[in-house]
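Each remark here refers to the structure printed beneath this line.
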Amino acid sequence: MVFVRSEELLPGMCLARDIHFYEPSIASSITMKTGQKLTDMQITQLCSAKLDGAYIDTVRSEVRVISSINKQIKKEAINNIHSLADNFIDTSKGVQKRDIESVGNTTQNLIDNLSSQKDILINISDIKMYDDYTYHHCLSVAIMSIAIGMELGFTNEMLNDLGLAGLLHDIGKVAIPIEIINKPGRLTNEEFNVVKMHPVYAAKHLQERHLVNDNVYQGIVGHHEKLDGSGYPNHLKGDQIHPYARILAVADVYDALTSNRPYRIPSPPNEAIELIMGSVDTHFDERIVRAFLRKVAPFPTGAKVKLSNGETAYVMKNYPDQPLRPLVAVIGADRVYDLSFDMSCLNIVITELLDENKGNRLINM
Ligand SMILES: [Fe+2]
């Protein structure tokens with residue numbers, strides 16, 4: 001049994017002691033019984049009654065990662081990107097104005113959904129329920145990019161352009177043979193040269209039809225450029241790379257590294273973050289990586305994780321400045337470790353995001 005402060009309670013936590021309090025809005029007393037699993041509504045009641053917290057049974061708790069992005073919006077986003085991509089590869093049609101309008105509406109819905117979160121913590125976990133990697137990757141990158149843009153103080157118009165570029169950044173891949181995209185082994189130089197054309201295919205197609213403005217075009221065409229000039233397709237350096245392309249680059253690499261692909265098992269989020277941090281100034285813009293780290297918590301609240309001391313825990317709370325060191329509750333041991341602020345826990349690290357959470361992302365709003 002551990003005492004958990006009200007603001008850190010999560011749905012599914014199991015009460016280890018009865019709680020009685022007076023609820024003024026209904027002018028009556030409320031009792032929550034031992035063994036009860038807390039719901040969102042009960043947590044809200046406990047917080048508004050200004051209770052310090054509750055004793056929680058970590059063995060019987062069933063905490064889950066909950067997606068905060070509206071399911072319908074995600075479904076619509078995938079459908080809209082899919083139809084746009086179908087027209088993109090259909091040479092008799094090409095992308096139509098109405099395709100862009102639908103994807104544009106999706107972008108605004110994502111921005112509204114992300115802006116309306118009361119909670120500080122937003123995750124985009126069930127994006128992985130869709131089979132087709134390219135489309136859910138585009139959605140995931142768009143959401144992370146919008147979150148980075150928000151952290152950087154972008155206007156709604158800028159967020160719309162950035163989000164649209166995110167949703168469309170990899171559309172060019174549908175024009176590349178699937179055997180190359182999903183090839184398990186190393187690509188030949190010839191094959192890699194084909195892959196390297198995907199930012200150009202999509203961006204040029206949309207620009208020629210006057211369907212996107214220059215900012216969206218630059219975001220799409222430049223999302224594989226790197227600050228040191230080693231990227232593609234134009235080997236641009238530093239400020240030559242459009243800021244939207246620099247944002248998409250960070251989100252793109254993080255999502256690609258942590259996703260399950262035919263040619264690679266997913267990297268744990270901490271390794272993906274370390275890799276990105278290790279490529280600041282050579283590949284990635286430091287200011288953007290900092291904004292990303294404040295927004296994307298690799299271990300979502302409610303996620304089960306393995307600790308370096310062998311224990312299993314679930315994440316109770318994330319700290320924006322310490323994305324790899326959340327507050328965790330050890331399962332079955334009635335212990336809470338504050339990996340960021342408790343000096344006695346400095347030697348403990350999270351070594352693994354357990355299977356059931358793989359593919360989850362958390363965005364910190
Ligand atoms: Fe790409």
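Each chain in the structure tokens gets a letter, A, B, ..., in the order shown, and its residues are numbered from 1; ligands are numbered from 1 in order too.
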Near ligand 1, 8 Å: chain A residue rows, closest pairs, only C-alpha atoms and all ligand atoms, as CSV:
residue,atom,partner,partner_atom_place_in_ligand_line,distance
A:His169,CA,ligand 1,1 (Fe),6.3
A:Asp170,CA,ligand 1,1 (Fe),4.8
A:Lys173,CA,ligand 1,1 (Fe),7.5
A:His198,CA,ligand 1,1 (Fe),6.7
A:Pro199,CA,ligand 1,1 (Fe),6.3
A:His223,CA,ligand 1,1 (Fe),6.5
A:His224,CA,ligand 1,1 (Fe),6.3
A:Asp252,CA,ligand 1,1 (Fe),7.2
Could you tell me, as a compact mmCIF listing (two decimals) with C-alpha atoms, in the first residue's frame, which residues of stretch 13-69 of chain A DSSP assigns to strand (DSSP E) when given the backbone?
# COMPACT_ATOMS: atom_id res chain seq x y z
CA CYS A 14 -7.23 0.31 -6.44
CA LEU A 15 -8.11 1.84 -3.07
CA ILE A 19 -12.34 7.22 1.84
CA HIS A 20 -15.17 9.39 3.23
CA PHE A 21 -15.66 13.01 2.29
CA TYR A 22 -18.35 15.64 1.89
CA GLU A 23 -19.25 16.70 -1.65
CA SER A 28 -23.96 14.81 0.74
CA SER A 29 -21.16 12.53 1.88
CA ILE A 30 -19.43 10.13 -0.46
CA THR A 31 -17.77 6.87 0.50
CA MET A 32 -15.29 5.09 -1.73
CA GLY A 53 -4.65 11.74 -1.70
CA ALA A 54 -5.50 8.09 -1.14
CA TYR A 55 -3.89 4.83 -0.06
CA ILE A 56 -3.45 2.63 -3.11
CA ASP A 57 -3.00 -1.11 -3.42
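Candidate residues A:Asn309, A:Asn347, A:Gln45, A:Asn87 were compared for distance to A:Leu206, and the nearest is A:Asn87, using only C-alpha atoms.
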Please run DSSP on the backbone and report, as an NGL selection string, all residues within stretch 130-284 of chain A that come out as helix (DSSP H, G or I).
:A and (133-151 or 156-168 or 171-175 or 178-181 or 189-195 or 198-208 or 214-221 or 238-240 or 243-258 or 269-278)
Given only C-alpha atoms as the basis, pick out the residue of A:Leu307, A:Ile181, A:Leu46, A:Val212 nearest to A:Gln96.
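Checking each candidate against A:Gln96, we get A:Val212 as the closest.
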A:Cys345: which residues within 12 Å, counting only C-alpha atoms, same-chain residues fewer than 4 positions away excluded, as a short mmCIF file (atom, residue, chain, number, x, y, z; two decimals) with C-alpha atoms, in the first residue's frame?
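So part00.cif came out as:
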data_model
loop_
_atom_site.label_atom_id
_atom_site.label_comp_id
_atom_site.auth_asym_id
_atom_site.auth_seq_id
_atom_site.Cartn_x
_atom_site.Cartn_y
_atom_site.Cartn_z
CA LEU A 307 13.52 -0.91 -13.82
CA SER A 308 17.27 -1.53 -13.69
CA ASN A 309 16.89 -3.12 -10.22
CA ARG A 325 12.92 9.86 -15.10
CA PRO A 326 9.21 9.87 -14.16
CA LEU A 327 7.55 9.13 -10.81
CA VAL A 328 6.82 5.38 -10.73
CA ARG A 335 7.00 1.54 -3.10
CA VAL A 336 7.06 4.74 -5.10
CA TYR A 337 10.27 5.96 -6.71
CA ASP A 338 10.63 9.55 -7.74
CA LEU A 339 13.35 8.99 -10.31
CA SER A 340 13.91 12.72 -10.81
CA PHE A 341 13.86 14.11 -7.29
CA VAL A 349 16.83 3.78 -14.52
CA ILE A 350 13.98 2.55 -16.69
#
Just give me the gap between atom CA of A:Arg261 and atom CA of A:Cys138 in Å, one decimal is fine.
14.7 Å
Write out as a ChimeraX atom specification the residues lying within 8 Å of A:His283, counting only C-alpha atoms and excluding same-chain residues fewer than 5 positions away.
/A:225-228
Store the residues picked out above, limited to N, CA and C atoms, as a tab-separated table (two decimals), in the first residue's frame.
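Now in out11.tsv:
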chain	number	residue	atom	x	y	z
A	225	GLU	N	16.54	16.39	-44.63
A	225	GLU	CA	17.78	17.16	-44.63
A	225	GLU	C	18.37	17.16	-43.22
A	226	LYS	N	19.69	17.29	-43.14
A	226	LYS	CA	20.35	17.32	-41.83
A	226	LYS	C	21.23	18.56	-41.73
A	227	LEU	N	21.36	19.09	-40.50
A	227	LEU	CA	22.05	20.37	-40.33
A	227	LEU	C	23.45	20.40	-40.93
A	228	ASP	N	24.14	19.25	-40.92
A	228	ASP	CA	25.52	19.24	-41.42
A	228	ASP	C	25.61	19.02	-42.93
Counting only C-alpha atoms, the residue of A:Ala16, A:Ile171, A:Ala251, A:Val63 that sits nearest A:Lys33
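Among the listed residues, the smallest separation from A:Lys33 belongs to A:Ala16.
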